[in-house]
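What follows is data-v6.cif (mmCIF, C-alpha atoms (C1' of nucleotides)).
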```cif
data_my_file
loop_
_atom_site.label_atom_id
_atom_site.label_comp_id
_atom_site.auth_asym_id
_atom_site.auth_seq_id
_atom_site.Cartn_x
_atom_site.Cartn_y
_atom_site.Cartn_z
CA MET H 1 0.00 0.00 0.00
CA PRO H 2 1.80 3.12 -1.18
CA GLU H 3 1.51 5.92 1.34
CA LYS H 4 -0.34 8.87 -0.21
CA LYS H 5 1.59 12.09 0.00
CA TYR H 6 -1.33 14.29 -0.94
CA CYS H 7 -5.01 14.39 -0.12
CA ILE H 8 -7.21 12.03 -2.04
CA LYS H 9 -9.02 14.70 -4.03
CA THR H 10 -5.72 16.15 -5.11
CA GLU H 11 -4.52 12.71 -6.13
CA ASN H 12 -7.71 11.99 -8.05
CA LEU H 13 -7.72 15.30 -9.85
CA ALA H 14 -4.07 14.96 -10.78
CA SER H 15 -4.65 11.47 -12.07
CA MET H 16 -7.59 12.58 -14.25
CA ALA H 17 -5.57 15.52 -15.51
CA LYS H 18 -2.69 13.25 -16.29
CA ALA H 19 -4.94 10.93 -18.26
CA LEU H 20 -6.11 13.94 -20.27
CA GLY H 21 -2.59 15.26 -20.67
CA HIS H 22 -2.01 14.11 -24.21
CA PRO H 23 -3.66 15.52 -27.33
CA ALA H 24 -4.42 12.06 -28.70
CA ARG H 25 -6.39 11.26 -25.57
CA ILE H 26 -8.27 14.55 -25.68
CA ALA H 27 -9.07 13.85 -29.32
CA ILE H 28 -10.33 10.39 -28.39
CA MET H 29 -12.62 11.77 -25.69
CA LYS H 30 -14.00 14.40 -28.06
CA PHE H 31 -14.56 11.78 -30.71
CA LEU H 32 -16.31 9.40 -28.35
CA ALA H 33 -18.52 12.19 -27.08
CA LYS H 34 -20.02 12.84 -30.46
CA GLN H 35 -20.17 9.35 -31.93
CA GLU H 36 -22.99 6.88 -31.93
CA THR H 37 -20.71 4.05 -32.94
CA CYS H 38 -17.33 4.10 -31.31
CA TYR H 39 -15.45 1.13 -32.64
CA PHE H 40 -11.73 0.96 -32.27
CA GLY H 41 -11.34 1.12 -36.02
CA ASP H 42 -13.21 4.42 -36.19
CA ILE H 43 -11.08 5.94 -33.46
CA ASN H 44 -7.94 4.62 -35.07
CA GLU H 45 -8.86 6.17 -38.42
CA GLU H 46 -9.38 9.51 -36.77
CA LEU H 47 -5.91 9.67 -35.25
CA PRO H 48 -2.57 10.29 -36.93
CA ILE H 49 -0.78 7.53 -35.03
CA ALA H 50 -0.31 3.78 -35.28
CA LYS H 51 -3.02 1.48 -34.01
CA ALA H 52 -0.75 0.01 -31.34
CA THR H 53 -0.35 3.50 -29.96
CA VAL H 54 -4.08 4.18 -30.13
CA SER H 55 -4.67 1.00 -28.20
CA GLN H 56 -2.20 2.15 -25.58
CA HIS H 57 -3.94 5.50 -25.17
CA LEU H 58 -7.31 3.79 -24.88
CA LYS H 59 -5.90 1.60 -22.17
CA GLU H 60 -4.75 4.61 -20.21
CA LEU H 61 -8.12 6.30 -20.49
CA LYS H 62 -9.77 3.08 -19.39
CA GLU H 63 -7.45 2.73 -16.41
CA ALA H 64 -8.24 6.29 -15.42
CA GLY H 65 -11.91 5.32 -15.54
CA LEU H 66 -12.81 7.83 -18.23
CA ILE H 67 -13.91 5.28 -20.79
CA GLN H 68 -15.00 1.69 -20.99
CA GLY H 69 -14.72 -0.94 -23.68
CA GLU H 70 -16.95 -3.77 -24.78
CA ILE H 71 -16.21 -6.57 -27.19
CA GLU H 72 -18.54 -7.00 -30.16
CA THR H 73 -16.60 -9.62 -32.00
CA PRO H 74 -14.70 -9.00 -34.08
CA LYS H 75 -14.80 -5.33 -33.07
CA VAL H 76 -14.37 -3.48 -29.84
CA LYS H 77 -16.68 -0.67 -28.90
CA TYR H 78 -15.56 2.12 -26.62
CA CYS H 79 -17.51 4.80 -24.88
CA ILE H 80 -17.29 7.38 -22.19
CA ASN H 81 -17.86 6.13 -18.66
CA LYS H 82 -20.59 8.56 -17.79
CA GLU H 83 -20.41 8.12 -14.04
CA ASN H 84 -16.72 8.85 -13.85
CA TRP H 85 -17.00 11.54 -16.47
CA GLU H 86 -19.43 13.29 -14.15
CA TYR H 87 -17.08 12.81 -11.25
CA ALA H 88 -14.18 14.24 -13.24
CA ARG H 89 -16.30 17.17 -14.34
CA GLN H 90 -17.07 17.88 -10.72
CA LEU H 91 -13.44 17.61 -9.63
CA PHE H 92 -12.33 20.06 -12.30
CA ALA H 93 -15.26 22.36 -11.67
CA ASP H 94 -14.47 22.52 -7.96
CA PHE H 95 -10.85 23.13 -8.75
CA PHE H 96 -11.42 25.91 -11.25
CA ASN H 97 -14.17 27.50 -9.20
CA MET H 98 -12.20 27.69 -5.99
CA GLU H 99 -11.98 31.22 -4.72
CA LEU H 100 -8.71 32.93 -5.51
CA CYS H 101 -7.05 35.14 -2.95
CA LYS H 102 -7.87 38.78 -3.50
CA ASN H 103 -4.43 40.16 -2.86
CA ASP H 104 -4.12 42.73 -5.59
CA ASP H 105 -0.41 43.20 -5.28
CA CYS H 106 0.15 39.48 -5.81
CA CYS H 107 2.58 39.39 -8.73
CA LYS H 108 1.19 42.48 -10.38
CA MET B 109 8.24 24.52 -36.51
CA PRO B 110 6.79 21.17 -35.47
CA GLU B 111 3.72 20.27 -37.47
CA LYS B 112 0.69 20.10 -35.18
CA LYS B 113 -1.10 16.79 -35.40
CA TYR B 114 -4.20 17.93 -33.55
CA CYS B 115 -6.31 21.05 -33.49
CA ILE B 116 -5.02 23.92 -31.45
CA LYS B 117 -7.71 23.75 -28.77
CA THR B 118 -7.00 20.09 -28.30
CA GLU B 119 -3.30 20.81 -28.01
CA ASN B 120 -3.87 23.62 -25.53
CA LEU B 121 -6.23 21.63 -23.37
CA ALA B 122 -3.89 18.66 -23.33
CA SER B 123 -0.99 20.86 -22.40
CA MET B 124 -2.91 22.44 -19.50
CA ALA B 125 -4.05 19.02 -18.36
CA LYS B 126 -0.52 17.76 -18.52
CA ALA B 127 0.70 20.66 -16.41
CA LEU B 128 -1.94 19.75 -13.82
CA GLY B 129 -1.19 16.05 -14.07
CA HIS B 130 0.87 15.73 -10.93
CA PRO B 131 -0.44 15.94 -7.36
CA ALA B 132 2.36 18.26 -6.30
CA ARG B 133 1.33 20.73 -8.97
CA ILE B 134 -2.33 20.51 -8.02
CA ALA B 135 -1.33 21.08 -4.41
CA ILE B 136 0.71 24.12 -5.44
CA MET B 137 -2.21 25.62 -7.34
CA LYS B 138 -4.57 25.05 -4.43
CA PHE B 139 -2.07 26.57 -2.05
CA LEU B 140 -1.51 29.62 -4.23
CA ALA B 141 -5.24 30.11 -4.61
CA LYS B 142 -5.77 30.60 -0.92
CA GLN B 143 -2.60 32.41 0.11
CA GLU B 144 -1.97 36.08 0.51
CA THR B 145 1.77 35.57 0.60
CA CYS B 146 3.05 32.95 -1.77
CA TYR B 147 6.77 32.82 -1.25
CA PHE B 148 8.71 29.88 -2.49
CA GLY B 149 9.60 28.98 1.09
CA ASP B 150 5.95 28.72 2.05
CA ILE B 151 5.17 26.49 -0.88
CA ASN B 152 8.22 24.38 -0.21
CA GLU B 153 7.22 23.87 3.44
CA GLU B 154 3.80 22.71 2.35
CA LEU B 155 5.08 19.95 0.10
CA PRO B 156 6.64 16.60 1.02
CA ILE B 157 9.40 16.86 -1.57
CA ALA B 158 12.83 18.45 -1.90
CA LYS B 159 13.10 22.11 -2.78
CA ALA B 160 14.86 21.37 -6.05
CA THR B 161 11.84 19.34 -7.05
CA VAL B 162 9.43 22.04 -5.95
CA SER B 163 11.35 24.52 -8.05
CA GLN B 164 11.06 22.18 -11.01
CA HIS B 165 7.29 21.86 -10.60
CA LEU B 166 6.94 25.61 -10.32
CA LYS B 167 8.89 25.98 -13.51
CA GLU B 168 6.51 23.66 -15.32
CA LEU B 169 3.47 25.51 -14.06
CA LYS B 170 5.07 28.77 -15.14
CA GLU B 171 5.87 27.42 -18.58
CA ALA B 172 2.28 26.27 -18.93
CA GLY B 173 1.27 29.84 -18.10
CA LEU B 174 -0.69 28.89 -15.00
CA ILE B 175 1.45 30.86 -12.58
CA GLN B 176 3.93 33.67 -12.58
CA GLY B 177 6.85 34.52 -10.35
CA GLU B 178 8.32 37.76 -9.08
CA ILE B 179 11.55 38.36 -7.24
CA GLU B 180 11.36 40.15 -3.89
CA THR B 181 14.93 39.76 -2.86
CA PRO B 182 15.86 37.55 -1.20
CA LYS B 183 12.55 35.77 -1.72
CA VAL B 184 10.52 34.78 -4.74
CA LYS B 185 6.80 35.30 -4.80
CA TYR B 186 4.56 33.15 -6.94
CA CYS B 187 0.94 33.57 -7.85
CA ILE B 188 -1.70 32.34 -10.20
CA ASN B 189 -1.75 33.94 -13.63
CA LYS B 190 -5.35 35.00 -13.56
CA GLU B 191 -5.74 35.57 -17.26
CA ASN B 192 -4.50 32.12 -18.22
CA TRP B 193 -6.30 30.58 -15.29
CA GLU B 194 -9.49 31.94 -16.77
CA TYR B 195 -8.55 30.61 -20.17
CA ALA B 196 -7.84 27.17 -18.73
CA ARG B 197 -11.11 27.20 -16.83
CA GLN B 198 -12.90 27.93 -20.09
CA LEU B 199 -11.08 25.19 -21.98
CA PHE B 200 -11.95 22.60 -19.35
CA ALA B 201 -15.50 23.88 -19.00
CA ASP B 202 -16.06 23.62 -22.75
CA PHE B 203 -14.58 20.15 -22.72
CA PHE B 204 -16.62 18.83 -19.84
CA ASN B 205 -19.79 20.50 -20.99
CA MET B 206 -19.70 19.13 -24.51
CA GLU B 207 -22.81 17.21 -25.34
CA LEU B 208 -22.39 13.46 -25.06
CA CYS B 209 -23.98 11.18 -27.61
CA LYS B 210 -27.30 9.81 -26.43
CA ASN B 211 -26.83 6.27 -27.62
CA ASP B 212 -28.21 4.30 -24.69
CA ASP B 213 -26.78 0.97 -25.74
CA CYS B 214 -23.29 2.43 -25.83
CA CYS B 215 -21.31 0.09 -23.59
CA LYS B 216 -24.14 -0.58 -21.21
"C1'" DT T 217 34.65 41.22 2.68
"C1'" DT T 218 32.71 37.61 4.80
"C1'" DT T 219 28.48 35.61 6.12
"C1'" DG T 220 23.70 34.31 5.81
"C1'" DT T 221 19.27 33.66 3.44
"C1'" DT T 222 16.72 32.29 -0.34
"C1'" DG T 223 15.92 29.79 -4.61
"C1'" DT T 224 17.57 28.11 -8.99
"C1'" DT T 225 20.40 25.24 -11.73
"C1'" DC T 226 23.36 21.26 -12.47
"C1'" DG T 227 24.35 16.52 -12.69
"C1'" DT T 228 22.48 12.33 -12.45
"C1'" DA T 229 19.64 8.18 -11.76
"C1'" DA T 230 15.41 5.69 -11.98
"C1'" DA T 231 11.04 5.31 -13.81
"C1'" DA T 232 7.37 6.42 -16.96
"C1'" DT T 233 5.72 7.84 -21.45
"C1'" DT T 234 5.23 7.68 -26.34
"C1'" DA T 235 5.71 5.44 -30.50
"C1'" DC T 236 6.16 1.74 -33.89
"C1'" DG T 237 6.12 -2.83 -36.34
"C1'" DA T 238 5.72 -7.57 -35.58
"C1'" DA T 239 3.57 -11.14 -33.42
"C1'" DT T 240 -0.40 -12.84 -31.23
"C1'" DA T 241 -5.28 -13.72 -29.89
"C1'" DT T 242 -10.18 -14.24 -30.83
"C1'" DA T 243 -13.82 -15.71 -33.19
"C1'" DA T 244 -16.54 -15.74 -37.41
"C1'" DT T 245 -16.38 -17.50 -42.19
"C1'" DT T 246 -15.02 -20.28 -46.01
"C1'" DA P 247 -8.70 -26.70 -41.01
"C1'" DA P 248 -7.34 -22.69 -43.15
"C1'" DT P 249 -8.53 -17.86 -43.82
"C1'" DT P 250 -10.04 -13.29 -42.68
"C1'" DA P 251 -11.01 -9.25 -39.86
"C1'" DT P 252 -10.20 -6.86 -35.79
"C1'" DA P 253 -7.70 -5.24 -32.00
"C1'" DT P 254 -4.32 -6.19 -28.17
"C1'" DT P 255 0.12 -7.36 -26.54
"C1'" DC P 256 5.09 -7.78 -27.04
"C1'" DG P 257 9.58 -6.08 -27.69
"C1'" DT P 258 12.10 -2.23 -28.12
"C1'" DA P 259 13.94 2.47 -28.69
"C1'" DA P 260 13.89 7.32 -27.82
"C1'" DT P 261 12.36 10.80 -24.97
"C1'" DT P 262 10.44 12.87 -20.92
"C1'" DT P 263 9.42 13.03 -16.14
"C1'" DT P 264 10.37 12.91 -11.36
"C1'" DA P 265 13.40 13.19 -7.74
"C1'" DC P 266 17.47 14.32 -5.01
"C1'" DG P 267 21.78 16.50 -3.16
"C1'" DA P 268 25.35 19.52 -4.28
"C1'" DA P 269 26.83 23.53 -6.27
"C1'" DC P 270 25.84 28.04 -7.51
"C1'" DA P 271 23.84 32.93 -7.85
"C1'" DA P 272 22.00 37.14 -5.94
"C1'" DC P 273 21.95 40.28 -2.69
"C1'" DA P 274 21.42 42.13 2.08
"C1'" DA P 275 23.62 42.42 6.49
"C1'" DA P 276 27.28 42.16 9.71
#
```
Full structure transcribed into structure tokens:
Amino acid sequence: MPEKKYCIKTENLASMAKALGHPARIAIMKFLAKQETCYFGDINEELPIAKATVSQHLKELKEAGLIQGEIETPKVKYCINKENWEYARQLFADFFNMELCKNDDCCK
Amino acid sequence: MPEKKYCIKTENLASMAKALGHPARIAIMKFLAKQETCYFGDINEELPIAKATVSQHLKELKEAGLIQGEIETPKVKYCINKENWEYARQLFADFFNMELCKNDDCCK
DNA sequence: TTTGTTGTTCGTAAAATTACGAATATAATT
DNA sequence: AATTATATTCGTAATTTTACGAACAACAAA
């Protein structure tokens, strides 16, 4: 059990941010958001990288909980994990809506 | 000039996400948000890592445009770059508020 | 001029990330 | 049983990230 150095919300937010920290993965999320059919092949076609790399990015998004996959032999269908997507949205919203200190001479 | 493989908004969002993709950097942003005085020493005390590492994380946040620094000899004061913070908030808000496809049988 | 305070930079090591082609796995089809 | 279509995993290389202590830089104070 690795001792957490930071609070759990901080860890979770950082881990979501990290998962989104590559343009290919952002592009995948945007693509999945607007697609009815989200087969691997469709995603792969959309991206300017090799399919092995696409698969790797999908795996990372899945491990972060942002997407899920489902086999429809011989294809694999991916989609956004709506529950965790909502959770991520909330984490980022809380983060970006936190009140900033009002010190006007702060790095003017 | 490196050819961009993805659209500029995707690149920008990914780059912001990447900058936030480490718990130490999230912790720094949260700390800066609530502090009146944001000297390096204060930030350093708050984090469970060596000062050289803190300095490195601050540099990354600065390069991402999320914070700025100002020398007040012999100290260095950091704070959130409010303009870019606002821009980042907007990028993430747009991303998380995009309409998801309504396909109910998508990975049920 | 020496000393002290504060942070950054350097050098370096270990680990993680990104990328690709080749090989593999799965299961339907011929 | 061999073939086909689809996607993952493997092996590997190049790069980036994370982390630390030591050395350094800047400047005020003694």
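What the PyMOL selection byres ((chain P and resi 263) around 8) matches in the given file is T:DA232, P:DT262, P:DT264.
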With the cut-off set at 8 Å and counting only C-alpha atoms (C1' of nucleotides), tabulate each residue of chain H with an atom at most that distance from an atom of chain T, showing the nearest atom pair and its distance in Å to one decimal, ordered by chain and increasing number, as JSON lines.
```
{"residue": "H:Ala50", "atom": "CA", "partner": "T:DC236", "partner_atom": "C1'", "distance": 6.9}
{"residue": "H:Ala52", "atom": "CA", "partner": "T:DC236", "partner_atom": "C1'", "distance": 7.6}
{"residue": "H:Thr53", "atom": "CA", "partner": "T:DA235", "partner_atom": "C1'", "distance": 6.4}
{"residue": "H:Thr73", "atom": "CA", "partner": "T:DA243", "partner_atom": "C1'", "distance": 6.8}
{"residue": "H:Pro74", "atom": "CA", "partner": "T:DA243", "partner_atom": "C1'", "distance": 6.8}
```
Could you dump the residues just selected with C-alpha atoms as a tab-separated table (two decimals), in the frame of the given file?
```tsv
chain	number	residue	atom	x	y	z
H	50	ALA	CA	-0.31	3.78	-35.28
H	52	ALA	CA	-0.75	0.01	-31.34
H	53	THR	CA	-0.35	3.50	-29.96
H	73	THR	CA	-16.60	-9.62	-32.00
H	74	PRO	CA	-14.70	-9.00	-34.08
```
**Request:** Given the file shown, determine the residues that the PyMOL selection byres ((chain P) within 12 of (chain H)) selects; report them as a ChimeraX atom specification.
**Result:** /P:250-256
Proximity of chain H to chain B: per-residue shortest pair, 8 Å limit, all atoms listed in the file, as CSV:
```
residue,atom,partner,partner_atom,distance
H:Lys5,CA,B:Pro156,CA,6.8
H:Tyr6,CA,B:Pro131,CA,6.7
H:Thr10,CA,B:Pro131,CA,5.7
H:Glu11,CA,B:Pro131,CA,5.3
H:Leu13,CA,B:Ile134,CA,7.7
H:Ala14,CA,B:Gly129,CA,4.5
H:Ser15,CA,B:Gly129,CA,6.1
H:Met16,CA,B:Gly129,CA,7.3
H:Ala17,CA,B:Gly129,CA,4.6
H:Lys18,CA,B:Gly129,CA,3.9
H:Ala19,CA,B:Gly129,CA,7.6
H:Leu20,CA,B:Ala125,CA,5.8
H:Gly21,CA,B:Lys126,CA,3.9
H:His22,CA,B:Ala122,CA,5.0
H:Pro23,CA,B:Ala122,CA,5.1
H:Ala24,CA,B:Tyr114,CA,7.6
H:Ile26,CA,B:Thr118,CA,6.3
H:Ala27,CA,B:Thr118,CA,6.7
H:Lys30,CA,B:Phe203,CA,7.9
H:Leu32,CA,B:Cys209,CA,7.9
H:Ala33,CA,B:Leu208,CA,4.5
H:Lys34,CA,B:Cys209,CA,5.2
H:Gln35,CA,B:Cys209,CA,6.0
H:Glu36,CA,B:Asn211,CA,5.8
H:Thr37,CA,B:Cys214,CA,7.7
H:Pro48,CA,B:Lys113,CA,6.8
H:Gln68,CA,B:Cys215,CA,7.0
H:Gly69,CA,B:Cys215,CA,6.7
H:Glu70,CA,B:Cys215,CA,5.9
H:Lys77,CA,B:Cys215,CA,7.1
H:Tyr78,CA,B:Cys215,CA,6.8
H:Cys79,CA,B:Cys215,CA,6.2
H:Arg89,CA,B:Phe204,CA,5.8
H:Phe92,CA,B:Phe200,CA,7.5
H:Ala93,CA,B:Ala201,CA,7.5
H:Phe95,CA,B:Lys138,CA,7.9
H:Phe96,CA,B:Arg197,CA,5.7
H:Met98,CA,B:Ala141,CA,7.5
H:Glu99,CA,B:Ala141,CA,6.8
H:Leu100,CA,B:Ala141,CA,4.6
H:Cys101,CA,B:Lys142,CA,5.1
H:Lys102,CA,B:Glu144,CA,7.6
H:Asn103,CA,B:Glu144,CA,5.8
H:Cys106,CA,B:Cys187,CA,6.3
H:Cys107,CA,B:Glu178,CA,6.0
```
Written selection (C-alpha atoms) as a compact mmCIF listing (two decimals), in the coordinates of the input:
```
# COMPACT_ATOMS: atom_id res chain seq x y z
CA LYS H 5 1.59 12.09 0.00
CA TYR H 6 -1.33 14.29 -0.94
CA THR H 10 -5.72 16.15 -5.11
CA GLU H 11 -4.52 12.71 -6.13
CA LEU H 13 -7.72 15.30 -9.85
CA ALA H 14 -4.07 14.96 -10.78
CA SER H 15 -4.65 11.47 -12.07
CA MET H 16 -7.59 12.58 -14.25
CA ALA H 17 -5.57 15.52 -15.51
CA LYS H 18 -2.69 13.25 -16.29
CA ALA H 19 -4.94 10.93 -18.26
CA LEU H 20 -6.11 13.94 -20.27
CA GLY H 21 -2.59 15.26 -20.67
CA HIS H 22 -2.01 14.11 -24.21
CA PRO H 23 -3.66 15.52 -27.33
CA ALA H 24 -4.42 12.06 -28.70
CA ILE H 26 -8.27 14.55 -25.68
CA ALA H 27 -9.07 13.85 -29.32
CA LYS H 30 -14.00 14.40 -28.06
CA LEU H 32 -16.31 9.40 -28.35
CA ALA H 33 -18.52 12.19 -27.08
CA LYS H 34 -20.02 12.84 -30.46
CA GLN H 35 -20.17 9.35 -31.93
CA GLU H 36 -22.99 6.88 -31.93
CA THR H 37 -20.71 4.05 -32.94
CA PRO H 48 -2.57 10.29 -36.93
CA GLN H 68 -15.00 1.69 -20.99
CA GLY H 69 -14.72 -0.94 -23.68
CA GLU H 70 -16.95 -3.77 -24.78
CA LYS H 77 -16.68 -0.67 -28.90
CA TYR H 78 -15.56 2.12 -26.62
CA CYS H 79 -17.51 4.80 -24.88
CA ARG H 89 -16.30 17.17 -14.34
CA PHE H 92 -12.33 20.06 -12.30
CA ALA H 93 -15.26 22.36 -11.67
CA PHE H 95 -10.85 23.13 -8.75
CA PHE H 96 -11.42 25.91 -11.25
CA MET H 98 -12.20 27.69 -5.99
CA GLU H 99 -11.98 31.22 -4.72
CA LEU H 100 -8.71 32.93 -5.51
CA CYS H 101 -7.05 35.14 -2.95
CA LYS H 102 -7.87 38.78 -3.50
CA ASN H 103 -4.43 40.16 -2.86
CA CYS H 106 0.15 39.48 -5.81
CA CYS H 107 2.58 39.39 -8.73
```
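What separates CA of Glu171 (chain B) from C1' of DC270 (chain P) is a distance of 22.8 Å.
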**Request:** Rounded to one decimal place, report the CA of Leu58 (chain H)-CA of Ile28 (chain H) distance in Å.
**Result:** 8.1 Å
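Between CA of Tyr87 (chain H) and CA of Asn44 (chain H) there is a distance of 26.8 Å.
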